[in-house]
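Engineer: Next comes work-v2.cif, mmCIF, C-alpha atoms:
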```
data_final
loop_
_atom_site.label_atom_id
_atom_site.label_comp_id
_atom_site.auth_asym_id
_atom_site.auth_seq_id
_atom_site.Cartn_x
_atom_site.Cartn_y
_atom_site.Cartn_z
CA MET A 145 28.88 -44.06 -22.73
CA ALA A 146 29.25 -41.42 -20.12
CA THR A 147 32.48 -40.13 -21.58
CA GLU A 148 30.77 -39.36 -24.85
CA THR A 149 28.25 -37.04 -23.23
CA THR A 150 30.90 -34.43 -22.59
CA GLY A 151 30.92 -33.85 -26.34
CA ALA A 152 32.41 -30.55 -27.38
CA GLU A 153 33.96 -29.88 -24.01
CA ALA A 154 35.96 -33.07 -24.22
CA ALA A 155 36.94 -32.25 -27.79
CA ALA A 156 38.17 -28.83 -26.80
CA HIS A 157 40.07 -30.35 -23.91
CA SER A 158 41.74 -33.00 -26.00
CA GLU A 159 43.20 -30.46 -28.40
CA GLY A 160 45.69 -29.73 -25.67
CA GLY A 161 45.73 -26.01 -26.41
CA SER A 162 44.85 -23.12 -24.14
CA LEU A 163 41.24 -23.20 -25.31
CA VAL A 164 39.57 -25.20 -22.56
CA PHE A 165 35.83 -24.98 -21.95
CA HIS A 166 34.24 -26.26 -18.79
CA PRO A 167 31.21 -23.99 -18.63
CA MET A 168 29.20 -26.38 -16.51
CA ASP A 169 31.87 -27.09 -13.90
CA GLN A 170 30.74 -24.06 -11.90
CA PHE A 171 27.51 -25.91 -11.10
CA ILE A 172 29.19 -28.96 -9.54
CA VAL A 173 28.11 -29.64 -5.97
CA LYS A 174 31.05 -30.62 -3.77
CA PRO A 175 31.65 -30.98 -0.05
CA LEU A 176 32.98 -27.87 1.60
CA PHE A 177 35.25 -29.81 3.96
CA GLY A 178 37.06 -33.00 2.91
CA HIS A 179 36.53 -34.95 -0.25
CA GLY A 180 33.80 -37.44 0.48
CA ASP A 181 30.56 -38.20 -1.27
CA VAL A 182 27.70 -35.71 -1.16
CA GLY A 183 25.25 -37.16 1.34
CA LEU A 184 21.92 -35.73 2.48
CA PHE A 185 23.36 -33.68 5.35
CA THR A 186 26.85 -33.04 3.96
CA ILE A 187 27.91 -29.41 4.27
CA THR A 188 28.55 -28.51 0.64
CA ASN A 189 29.17 -25.37 -1.40
CA VAL A 190 25.36 -25.28 -1.74
CA THR A 191 25.09 -25.04 2.04
CA LEU A 192 27.60 -22.19 2.13
CA TRP A 193 25.86 -20.08 -0.49
CA LEU A 194 22.40 -20.79 0.91
CA PHE A 195 23.72 -19.72 4.30
CA LEU A 196 25.13 -16.54 2.76
CA ALA A 197 21.70 -15.83 1.26
CA VAL A 198 20.12 -16.16 4.72
CA ALA A 199 22.86 -13.95 6.19
CA SER A 200 22.25 -11.31 3.50
CA VAL A 201 18.50 -11.35 4.12
CA ILE A 202 19.11 -10.91 7.85
CA ALA A 203 21.66 -8.15 7.20
CA LEU A 204 19.26 -6.17 5.02
CA MET A 205 15.89 -6.85 6.59
CA VAL A 206 16.83 -7.11 10.27
CA LEU A 207 20.10 -5.26 10.83
CA GLY A 208 19.24 -2.67 8.18
CA THR A 209 16.01 -1.76 9.96
CA SER A 210 17.34 -1.99 13.53
CA LYS A 211 17.31 1.80 13.99
CA ARG A 212 13.58 2.00 13.15
CA ALA A 213 14.24 5.52 11.92
CA ILE A 214 11.33 7.73 10.86
CA VAL A 215 13.64 9.18 8.22
CA PRO A 216 15.30 6.01 6.90
CA GLY A 217 18.99 5.52 6.16
CA ARG A 218 20.33 3.70 3.12
CA GLY A 219 19.87 0.13 4.38
CA GLN A 220 16.45 0.80 5.81
CA SER A 221 15.34 2.49 2.59
CA ILE A 222 16.23 -0.60 0.57
CA ALA A 223 14.50 -2.89 3.07
CA GLU A 224 11.37 -0.72 2.98
CA LEU A 225 11.55 -0.60 -0.81
CA ALA A 226 11.68 -4.42 -0.99
CA TYR A 227 8.80 -4.66 1.48
CA GLY A 228 6.69 -2.13 -0.39
CA PHE A 229 7.52 -3.69 -3.76
CA VAL A 230 6.34 -7.19 -2.81
CA TYR A 231 3.48 -5.96 -0.62
CA LYS A 232 2.03 -3.88 -3.45
CA MET A 233 2.53 -6.77 -5.89
CA VAL A 234 0.59 -9.16 -3.67
CA GLU A 235 -2.13 -6.58 -3.03
CA ASP A 236 -2.49 -5.61 -6.69
CA VAL A 237 -2.59 -9.16 -8.04
CA THR A 238 -4.43 -11.13 -5.36
CA GLY A 239 -6.41 -8.39 -3.63
CA LYS A 240 -6.76 -7.74 0.09
CA GLU A 241 -7.41 -11.35 1.06
CA GLY A 242 -4.08 -12.39 -0.50
CA LEU A 243 -2.13 -10.26 1.99
CA LYS A 244 -2.36 -13.11 4.50
CA TYR A 245 0.19 -14.95 2.36
CA PHE A 246 2.50 -11.97 1.98
CA PRO A 247 5.21 -13.36 4.35
CA TYR A 248 5.47 -16.56 2.26
CA ILE A 249 5.74 -14.65 -1.00
CA MET A 250 8.22 -12.25 0.57
CA THR A 251 10.30 -15.27 1.65
CA LEU A 252 10.34 -16.58 -1.91
CA PHE A 253 11.26 -13.21 -3.38
CA MET A 254 14.00 -12.39 -0.89
CA PHE A 255 15.54 -15.85 -1.23
CA ILE A 256 15.56 -15.83 -5.04
CA VAL A 257 16.77 -12.27 -5.41
CA PHE A 258 19.64 -12.76 -2.96
CA ALA A 259 20.59 -16.18 -4.32
CA ASN A 260 20.64 -14.73 -7.86
CA PHE A 261 22.78 -11.74 -6.91
CA LEU A 262 25.16 -13.76 -4.73
CA GLY A 263 25.58 -16.08 -7.72
CA LEU A 264 26.88 -13.12 -9.73
CA LEU A 265 29.90 -12.76 -7.46
CA PRO A 266 33.02 -14.19 -9.09
CA LYS A 267 33.88 -17.73 -7.92
CA SER A 268 30.48 -18.08 -6.27
CA PHE A 269 28.02 -20.94 -6.55
CA THR A 270 24.58 -20.09 -7.89
CA THR A 271 21.99 -22.06 -5.95
CA THR A 272 19.08 -20.91 -8.12
CA SER A 273 20.74 -22.35 -11.24
CA HIS A 274 19.86 -25.82 -9.98
CA PHE A 275 16.60 -27.51 -10.82
CA ALA A 276 16.70 -29.18 -7.42
CA VAL A 277 16.17 -25.75 -5.87
CA THR A 278 13.70 -24.26 -8.34
CA VAL A 279 11.64 -27.43 -8.63
CA VAL A 280 11.17 -27.49 -4.86
CA LEU A 281 10.16 -23.82 -4.91
CA ALA A 282 7.77 -24.29 -7.83
CA LEU A 283 6.27 -27.49 -6.44
CA ALA A 284 5.79 -25.86 -3.06
CA VAL A 285 3.88 -23.05 -4.75
CA PHE A 286 1.90 -25.47 -6.93
CA LEU A 287 0.88 -27.76 -4.07
CA THR A 288 0.09 -24.89 -1.71
CA VAL A 289 -2.02 -23.11 -4.30
CA THR A 290 -3.87 -26.29 -5.34
CA ILE A 291 -4.63 -27.35 -1.75
CA LEU A 292 -5.59 -23.78 -0.84
CA GLY A 293 -7.89 -23.63 -3.85
CA PHE A 294 -9.79 -26.73 -2.77
CA VAL A 295 -9.87 -25.72 0.91
CA LYS A 296 -11.18 -22.24 0.14
CA ASN A 297 -13.59 -23.06 -2.69
CA GLY A 298 -14.29 -26.78 -2.39
CA THR A 299 -15.23 -28.34 -5.72
CA ALA A 300 -15.95 -24.84 -7.06
CA PHE A 301 -12.21 -24.64 -7.55
CA LEU A 302 -12.69 -26.95 -10.56
CA GLY A 303 -14.53 -24.02 -12.17
CA LEU A 304 -11.05 -22.79 -13.01
CA PHE A 305 -11.00 -25.40 -15.79
CA TRP A 306 -14.59 -24.90 -16.91
CA VAL A 307 -14.63 -21.72 -18.98
CA SER A 308 -18.24 -20.63 -18.52
CA SER A 309 -17.88 -17.70 -20.92
CA ALA A 310 -17.03 -20.01 -23.87
CA PRO A 311 -19.65 -21.78 -26.06
CA LEU A 312 -20.84 -25.02 -24.46
CA ALA A 313 -19.40 -27.21 -27.21
CA LEU A 314 -15.94 -25.78 -26.75
CA ARG A 315 -15.88 -26.11 -22.97
CA PRO A 316 -14.71 -29.73 -22.71
CA ILE A 317 -11.83 -29.05 -25.12
CA LEU A 318 -10.91 -25.88 -23.24
CA ALA A 319 -11.12 -27.82 -19.99
CA ILE A 320 -8.49 -30.26 -21.25
CA ILE A 321 -6.24 -27.40 -22.38
CA GLU A 322 -6.71 -25.60 -19.08
CA LEU A 323 -5.97 -28.79 -17.16
CA ILE A 324 -2.75 -29.41 -19.10
CA SER A 325 -1.64 -25.82 -18.73
CA TYR A 326 -2.38 -26.01 -15.01
CA PHE A 327 -0.13 -29.02 -14.55
CA VAL A 328 2.60 -27.55 -16.75
CA ARG A 329 2.77 -24.52 -14.46
CA PRO A 330 5.31 -25.93 -11.96
CA VAL A 331 7.49 -27.15 -14.84
CA SER A 332 7.67 -23.78 -16.60
CA HIS A 333 7.79 -21.98 -13.28
CA SER A 334 10.92 -23.86 -12.17
CA ILE A 335 12.73 -24.25 -15.49
CA ARG A 336 12.29 -20.57 -16.37
CA LEU A 337 14.24 -19.46 -13.32
CA ALA A 338 16.99 -22.10 -13.32
CA GLY A 339 17.32 -22.01 -17.12
CA ASN A 340 17.80 -18.26 -17.30
CA VAL A 341 20.32 -18.17 -14.49
CA MET A 342 22.24 -21.22 -15.70
CA ALA A 343 22.37 -20.05 -19.33
CA GLY A 344 23.77 -16.66 -18.39
CA HIS A 345 26.46 -18.13 -16.15
CA ALA A 346 27.43 -20.72 -18.77
CA VAL A 347 27.70 -18.04 -21.47
CA ILE A 348 29.95 -15.93 -19.26
CA LYS A 349 32.12 -19.00 -18.67
CA VAL A 350 32.36 -19.70 -22.42
CA PHE A 351 33.49 -16.12 -23.07
CA ALA A 352 35.96 -16.47 -20.22
CA GLY A 353 37.40 -19.49 -22.02
CA PHE A 354 37.95 -17.39 -25.15
CA ALA A 355 39.72 -14.75 -23.05
CA ALA A 356 42.73 -17.07 -22.86
CA VAL A 357 43.41 -16.46 -26.56
CA ALA A 358 45.31 -13.17 -26.85
CA ALA A 359 43.85 -12.18 -30.22
CA ILE A 360 40.24 -12.19 -29.13
CA SER A 361 40.60 -11.59 -25.41
CA PRO A 362 39.65 -7.85 -25.54
CA LEU A 363 36.45 -8.75 -27.37
CA SER A 364 35.88 -11.58 -24.95
CA VAL A 365 36.32 -9.37 -21.87
CA LEU A 366 33.97 -6.82 -23.42
CA ALA A 367 31.44 -9.58 -24.07
CA ILE A 368 31.73 -10.83 -20.48
CA THR A 369 31.08 -7.30 -19.23
CA ALA A 370 28.03 -6.93 -21.45
CA ILE A 371 26.62 -10.34 -20.52
CA TYR A 372 27.31 -9.61 -16.86
CA GLY A 373 25.25 -6.44 -17.13
CA LEU A 374 22.46 -8.44 -18.72
CA GLU A 375 22.73 -11.05 -15.96
CA VAL A 376 22.34 -8.38 -13.28
CA LEU A 377 19.08 -7.48 -14.97
CA VAL A 378 18.08 -11.13 -15.33
CA ALA A 379 18.86 -11.80 -11.66
CA PHE A 380 16.26 -9.27 -10.61
CA ILE A 381 13.75 -9.85 -13.37
CA GLN A 382 13.63 -13.61 -12.84
CA ALA A 383 13.06 -13.12 -9.13
CA TYR A 384 10.28 -10.68 -9.99
CA VAL A 385 8.77 -13.04 -12.58
CA PHE A 386 8.83 -15.99 -10.20
CA THR A 387 7.18 -13.91 -7.48
CA ILE A 388 4.49 -12.34 -9.63
CA LEU A 389 3.60 -15.74 -11.15
CA THR A 390 3.25 -17.07 -7.62
CA CYS A 391 0.86 -14.19 -6.94
CA VAL A 392 -1.11 -14.98 -10.11
CA TYR A 393 -1.42 -18.66 -9.14
CA LEU A 394 -2.49 -17.61 -5.66
CA LYS A 395 -5.15 -15.36 -7.17
CA ASP A 396 -6.50 -18.35 -9.13
CA ALA A 397 -6.77 -20.28 -5.88
CA LEU A 398 -8.59 -17.44 -4.11
CA HIS A 399 -10.84 -16.46 -7.02
CA PRO A 400 -11.12 -19.46 -9.36
CA HIS A 401 -13.66 -17.81 -11.67
CA HIS A 402 -12.44 -16.24 -14.86
CA MET B 83 41.71 -41.36 -20.85
CA ALA B 84 40.97 -41.85 -17.18
CA THR B 85 44.53 -42.91 -16.48
CA GLU B 86 45.78 -39.45 -17.39
CA THR B 87 44.45 -37.86 -14.17
CA THR B 88 47.61 -36.66 -12.48
CA GLY B 89 46.53 -33.33 -10.92
CA ALA B 90 46.23 -33.43 -7.15
CA GLU B 91 42.99 -31.47 -7.24
CA ASN B 92 41.43 -33.66 -9.84
CA ALA B 93 42.14 -36.81 -7.90
CA ALA B 94 40.32 -35.34 -4.94
CA HIS B 95 36.94 -35.46 -6.63
CA ALA B 96 34.88 -38.50 -6.21
CA VAL B 97 34.48 -40.01 -9.63
CA GLY B 98 30.85 -40.83 -10.16
CA SER B 99 28.10 -40.59 -12.70
CA CYS B 100 28.15 -36.81 -12.50
CA VAL B 101 31.84 -35.90 -12.45
CA ASP B 102 34.44 -37.41 -14.74
CA ALA B 103 37.92 -38.41 -13.72
CA GLY B 104 39.20 -34.93 -14.61
CA GLY B 105 36.90 -33.27 -12.10
CA SER B 106 34.71 -31.84 -14.81
CA ALA B 107 30.99 -32.14 -15.00
CA ILE B 108 29.45 -34.82 -17.15
CA GLY B 109 26.51 -33.25 -18.90
CA MET B 110 24.45 -30.90 -16.76
CA PRO B 111 25.21 -30.98 -13.04
CA GLN B 112 21.62 -29.80 -12.61
CA LEU B 113 20.44 -33.24 -13.71
CA CYS B 114 22.71 -35.17 -11.36
CA PHE B 115 20.13 -36.62 -9.02
CA ASP B 116 22.81 -37.83 -6.58
CA TRP B 117 23.02 -34.23 -5.37
CA TRP B 118 19.32 -33.41 -5.21
CA GLY B 119 18.76 -34.73 -1.70
CA ASN B 120 21.50 -32.56 -0.28
CA GLN B 121 20.33 -29.44 -2.11
CA ILE B 122 16.69 -29.96 -1.19
CA PHE B 123 17.54 -30.53 2.46
CA TRP B 124 19.61 -27.36 2.76
CA LEU B 125 17.10 -25.38 0.70
CA ILE B 126 14.30 -26.28 3.10
CA VAL B 127 16.49 -25.29 6.05
CA THR B 128 17.22 -21.98 4.29
CA LEU B 129 13.60 -21.23 3.44
CA VAL B 130 12.41 -21.99 6.96
CA ALA B 131 15.15 -19.77 8.37
CA ILE B 132 14.31 -16.88 6.03
CA TYR B 133 10.59 -17.34 6.67
CA PHE B 134 10.98 -17.12 10.44
CA VAL B 135 13.36 -14.17 10.26
CA LEU B 136 10.98 -12.29 7.99
CA ALA B 137 7.66 -13.26 9.55
CA ARG B 138 8.78 -12.91 13.17
CA ILE B 139 11.18 -9.98 13.06
CA ALA B 140 11.66 -8.10 9.81
CA LEU B 141 8.16 -7.74 8.36
CA PRO B 142 6.35 -6.70 11.58
CA ARG B 143 9.17 -4.25 12.25
CA ILE B 144 9.01 -2.67 8.79
CA ALA B 145 5.20 -2.59 8.98
CA SER B 146 5.41 -0.75 12.30
CA ILE B 147 8.02 1.66 10.92
CA LEU B 148 5.81 2.46 7.95
CA ALA B 149 2.71 2.84 10.13
CA GLU B 150 4.62 5.06 12.53
CA ARG B 151 5.87 7.21 9.67
CA GLN B 152 2.34 7.47 8.27
CA GLY B 153 1.11 8.46 11.72
CA THR B 154 3.85 11.04 12.11
CA ILE B 155 3.10 12.54 8.72
CA THR B 156 -0.64 12.66 9.47
CA ASN B 157 0.00 14.23 12.87
CA ASP B 158 2.41 16.75 11.42
CA ILE B 159 -0.07 17.76 8.75
CA ALA B 160 -2.82 18.10 11.36
CA ALA B 161 -0.50 20.12 13.59
CA ALA B 162 0.47 22.33 10.66
CA GLU B 163 -3.19 22.93 9.85
CA GLU B 164 -3.90 23.72 13.49
CA LEU B 165 -1.01 26.18 13.57
CA LYS B 166 -2.16 27.77 10.34
CA ARG B 167 -5.67 28.14 11.77
CA LYS B 168 -4.23 29.73 14.91
CA ALA B 169 -2.12 32.09 12.87
CA GLU B 170 -5.19 33.13 10.89
CA GLU B 171 -7.13 33.64 14.12
CA ALA B 172 -4.30 35.70 15.53
CA GLU B 173 -4.22 37.81 12.42
CA ASP B 174 -7.98 38.34 12.58
CA ALA B 175 -7.71 39.32 16.21
CA TYR B 176 -4.88 41.68 15.38
CA GLN B 177 -6.84 43.27 12.57
CA LYS B 178 -9.87 43.62 14.81
CA ALA B 179 -7.77 45.16 17.59
CA LEU B 180 -6.20 47.50 15.08
CA ALA B 181 -9.62 48.59 13.77
CA ASP B 182 -10.93 49.01 17.32
CA ALA B 183 -7.93 51.05 18.32
CA ARG B 184 -8.28 53.20 15.25
CA ALA B 185 -12.00 53.80 15.95
CA GLU B 186 -11.28 54.53 19.57
CA ALA B 187 -8.53 56.94 18.65
CA GLN B 188 -10.89 58.68 16.28
CA ALA B 189 -13.58 58.85 18.98
CA ILE B 190 -11.10 60.23 21.48
CA ALA B 191 -9.86 62.78 18.98
CA GLN B 192 -13.41 63.80 18.15
CA LYS B 193 -14.34 64.06 21.79
CA THR B 194 -11.26 66.10 22.57
CA ARG B 195 -11.98 68.33 19.62
CA ASP B 196 -15.57 68.82 20.83
CA GLU B 197 -14.44 69.57 24.34
CA ILE B 198 -11.88 72.05 23.16
CA LYS B 199 -14.50 73.65 20.95
CA ALA B 200 -16.95 73.91 23.84
CA ASP B 201 -14.28 75.33 26.10
CA LEU B 202 -13.28 77.76 23.40
CA ASN B 203 -16.88 78.85 22.81
CA ALA B 204 -17.41 79.30 26.53
CA ALA B 205 -14.20 81.28 26.82
CA ILE B 206 -15.15 83.41 23.82
CA ALA B 207 -18.58 84.06 25.27
CA ARG B 208 -17.10 84.97 28.61
CA ALA B 209 -14.56 87.22 26.96
CA ASP B 210 -17.35 88.87 24.93
CA ASP B 211 -19.33 89.47 28.12
CA GLN B 212 -16.31 90.89 29.83
CA ILE B 213 -15.54 93.03 26.83
CA ALA B 214 -19.13 94.24 26.71
CA ALA B 215 -19.09 94.99 30.43
CA LYS B 216 -15.79 96.76 30.13
CA ALA B 217 -17.04 98.77 27.16
CA ALA B 218 -20.20 99.80 28.96
CA GLU B 219 -18.19 100.76 31.98
CA SER B 220 -15.79 102.75 29.86
CA GLU B 221 -18.62 104.47 28.05
CA LYS B 222 -20.14 105.43 31.33
CA ALA B 223 -16.82 106.73 32.56
CA ILE B 224 -16.31 108.66 29.36
CA SER B 225 -19.77 110.24 29.54
CA GLU B 226 -19.14 111.10 33.19
CA ILE B 227 -15.81 112.57 32.25
CA ARG B 228 -17.44 114.44 29.41
CA ALA B 229 -20.21 115.75 31.67
CA SER B 230 -17.76 116.85 34.33
CA ALA B 231 -15.61 118.44 31.66
CA MET B 232 -18.62 120.41 30.39
CA GLU B 233 -19.38 121.48 33.89
CA ASN B 234 -15.83 122.57 34.40
CA VAL B 235 -15.86 124.43 31.10
CA GLU B 236 -19.03 126.18 32.19
CA VAL B 237 -17.55 127.14 35.55
CA VAL B 238 -14.32 128.27 33.92
CA ALA B 239 -16.29 130.18 31.31
CA LYS B 240 -18.39 131.89 34.02
CA ASP B 241 -15.29 132.71 36.01
CA ALA B 242 -13.55 134.01 32.92
CA ALA B 243 -16.62 136.02 31.92
CA GLU B 244 -16.93 137.49 35.40
CA ALA B 245 -13.24 138.35 35.39
CA ILE B 246 -13.52 139.90 31.91
CA VAL B 247 -16.65 141.84 32.91
CA ALA B 248 -14.94 142.97 36.14
CA ALA B 249 -11.82 143.97 34.25
CA LEU B 250 -13.92 145.99 31.85
CA GLY B 251 -15.40 147.75 34.83
CA GLY B 252 -18.83 146.36 34.59
CA LYS B 253 -20.97 145.02 37.18
CA THR B 254 -21.14 141.36 37.43
CA ASP B 255 -24.56 139.97 37.04
CA GLU B 256 -24.29 136.30 37.80
CA ALA B 257 -27.59 135.29 36.28
CA ALA B 258 -26.87 137.11 33.03
CA ILE B 259 -23.45 135.65 32.77
CA ALA B 260 -24.77 132.13 33.44
CA ALA B 261 -27.42 132.66 30.76
CA ALA B 262 -24.88 133.98 28.28
CA VAL B 263 -22.48 131.10 29.00
CA ALA B 264 -25.28 128.58 28.72
CA ASN B 265 -26.30 130.27 25.49
CA ARG B 266 -22.80 130.07 24.15
CA MET B 267 -22.32 126.50 25.32
CA LYS B 268 -25.30 125.40 23.31
CA GLY B 269 -23.29 126.80 20.53
#
```
What is this file in structure tokens?
Structural biologist:
Amino acid sequence: MATETTGAEAAAHSEGGSLVFHPMDQFIVKPLFGHGDVGLFTITNVTLWLFLAVASVIALMVLGTSKRAIVPGRGQSIAELAYGFVYKMVEDVTGKEGLKYFPYIMTLFMFIVFANFLGLLPKSFTTTSHFAVTVVLALAVFLTVTILGFVKNGTAFLGLFWVSSAPLALRPILAIIELISYFVRPVSHSIRLAGNVMAGHAVIKVFAGFAAVAAISPLSVLAITAIYGLEVLVAFIQAYVFTILTCVYLKDALHPHH
Amino acid sequence: MATETTGAENAAHAVGSCVDAGGSAIGMPQLCFDWWGNQIFWLIVTLVAIYFVLARIALPRIASILAERQGTITNDIAAAEELKRKAEEAEDAYQKALADARAEAQAIAQKTRDEIKADLNAAIARADDQIAAKAAESEKAISEIRASAMENVEVVAKDAAEAIVAALGGKTDEAAIAAAVANRMKG
């Protein structure tokens, strides 16, 4: 039954002590105003934190660069750094012809990096910890890249699965492996991001639960601090990984030959 | 049990397949597909908003800032090179002017020295001439004086001889006296 799925959490709860774990409650989607059901257009905590991500992107990339200074200030430096970082990544991985898609990749990177960092604020909601979000992102990349591959290369795009450098006998087997790995891409692409973010937040929450016990609370607070530091790193690295994988997939679409 | 839900906050949550009566998540909220539609809808709104902000405003602006900075740096370097070239030219011109001035000064000094030397030589020559003329003149005067003095001595000697002869009671014989004086004068 549904009540049994709560498992350990329910067990901890039923002990009646101070040790209460609800590490997954932080991921619950709820309406921001009122207490109704979550419909398609309901303004929820997801809406709020997505909006804050947009506001942060505008604050950094638009307001931060509004002076257009030749010698940049702090905000403009960071905006230029982000621009240069992603621009160089796209150029290095996909080559010159990939730069056409730079705004799309920049959109992905800025969204993920800001959503990840906003999620690290206490009491916040982490939008990128949800598969609903990362699956849409990964599927968008997968579909775009696949369609682009066929539009740009026609049936030559299928050469991606036909490893011409391998012995002829091996090629059909390799083709099957390549095909499977190609279709697994959106799965790993999306679960990697959401899984990392969710795991870190859940671990922090578990340590926070231990902090209620006086004897181990110093250790627990120390552990939260350490994990938080790790999560700051993960927040950036996962955004980077998602973006660079997008670039790699885009490169496959533009140059399908190994 | 579900009947134990007494907290005001807990009662507020809609009890469904994803949230239990206590307001806690059942399993992973990530896998609650009741919420996917809402999240996907707002995600698409967000992505479109970010895309338009970046593609229409932020990225062209940053690109223009970077291009402008590159241009400024290039221009500044070119200007610096131009200025350096000018400075080198100016130094060359200065050195050349200095060398010219030095050569000219030397020429002027040489010329002046030559002129002074010529003037000096001329003056010395003139002075030599004058000295020679004066010396000749003086010599002439001296010989005249000497000649006249001899004459005078002769006259005085004649007179004295006549007077002596007269005083001795002789007869004055002018011719003899003159011959004796002349004889004596030859010495």
Engineer: Once the PyMOL selection byres ((chain B) within 8 of (chain A)) has been applied to the shown file, what residues remain in the selection, as a short mmCIF file (atom, residue, chain, number, x, y, z; two decimals) with C-alpha atoms, in the frame of the given file?
Structural biologist:
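Generated file (out_28.cif):
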```cif
data_model
loop_
_atom_site.label_atom_id
_atom_site.label_comp_id
_atom_site.auth_asym_id
_atom_site.auth_seq_id
_atom_site.Cartn_x
_atom_site.Cartn_y
_atom_site.Cartn_z
CA ALA B 94 40.32 -35.34 -4.94
CA HIS B 95 36.94 -35.46 -6.63
CA ALA B 96 34.88 -38.50 -6.21
CA SER B 99 28.10 -40.59 -12.70
CA VAL B 101 31.84 -35.90 -12.45
CA ASP B 102 34.44 -37.41 -14.74
CA SER B 106 34.71 -31.84 -14.81
CA ALA B 107 30.99 -32.14 -15.00
CA ILE B 108 29.45 -34.82 -17.15
CA GLY B 109 26.51 -33.25 -18.90
CA MET B 110 24.45 -30.90 -16.76
CA PRO B 111 25.21 -30.98 -13.04
CA GLN B 112 21.62 -29.80 -12.61
CA LEU B 113 20.44 -33.24 -13.71
CA ASP B 116 22.81 -37.83 -6.58
CA TRP B 117 23.02 -34.23 -5.37
CA TRP B 118 19.32 -33.41 -5.21
CA GLY B 119 18.76 -34.73 -1.70
CA ASN B 120 21.50 -32.56 -0.28
CA GLN B 121 20.33 -29.44 -2.11
CA ILE B 122 16.69 -29.96 -1.19
CA PHE B 123 17.54 -30.53 2.46
CA TRP B 124 19.61 -27.36 2.76
CA LEU B 125 17.10 -25.38 0.70
CA THR B 128 17.22 -21.98 4.29
CA LEU B 129 13.60 -21.23 3.44
CA ALA B 131 15.15 -19.77 8.37
CA ILE B 132 14.31 -16.88 6.03
CA TYR B 133 10.59 -17.34 6.67
CA VAL B 135 13.36 -14.17 10.26
CA LEU B 136 10.98 -12.29 7.99
CA ALA B 137 7.66 -13.26 9.55
CA ILE B 139 11.18 -9.98 13.06
CA ALA B 140 11.66 -8.10 9.81
CA LEU B 141 8.16 -7.74 8.36
CA ARG B 143 9.17 -4.25 12.25
CA ILE B 144 9.01 -2.67 8.79
CA ILE B 147 8.02 1.66 10.92
CA GLU B 150 4.62 5.06 12.53
CA ARG B 151 5.87 7.21 9.67
#
```
Engineer: By how many Å are atom CA of Gln152 of chain B and atom CA of Glu241 of chain A apart?
Structural biologist: 22.4 Å
Engineer: Rounded to one decimal in Å, what is the spacing between atom CA of Glu322 of chain A and atom CA of Gly239 of chain A?
Structural biologist: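 Rounded to one decimal, the two atoms are 23.1 Å apart.
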Engineer: Suppose you want the space between atom CA of Gly298 of chain A and atom CA of Pro400 of chain A; what is it in Å?
Structural biologist: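 Distance between the two atoms: 10.6 Å.
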Engineer: Leaving out segment 363-373 of chain A and any residue of its chain fewer than 6 positions from it, which residues lie within 8 Å of it when counting all atoms listed in the file, given as a ChimeraX atom specification?
Structural biologist: /A:264,344,347-348,351-352,354-355
Engineer: Could you dump the residues just selected with C-alpha atoms as a tab-separated table (two decimals), keeping the file's coordinate frame?
Structural biologist:
```
chain	number	residue	atom	x	y	z
A	264	LEU	CA	26.88	-13.12	-9.73
A	344	GLY	CA	23.77	-16.66	-18.39
A	347	VAL	CA	27.70	-18.04	-21.47
A	348	ILE	CA	29.95	-15.93	-19.26
A	351	PHE	CA	33.49	-16.12	-23.07
A	352	ALA	CA	35.96	-16.47	-20.22
A	354	PHE	CA	37.95	-17.39	-25.15
A	355	ALA	CA	39.72	-14.75	-23.05
```
Engineer: As lines of an AutoDock Vina configuration file, please: the centre and edge lengths in Å, to one decimal, of an axis-aligned box enclosing every listed atom of segment 185-194 of chain A with 3 Å added on each side.
Structural biologist:
```
center_x = 25.8
center_y = -26.9
center_z = 1.8
size_x = 12.8
size_y = 19.6
size_z = 13.1
```
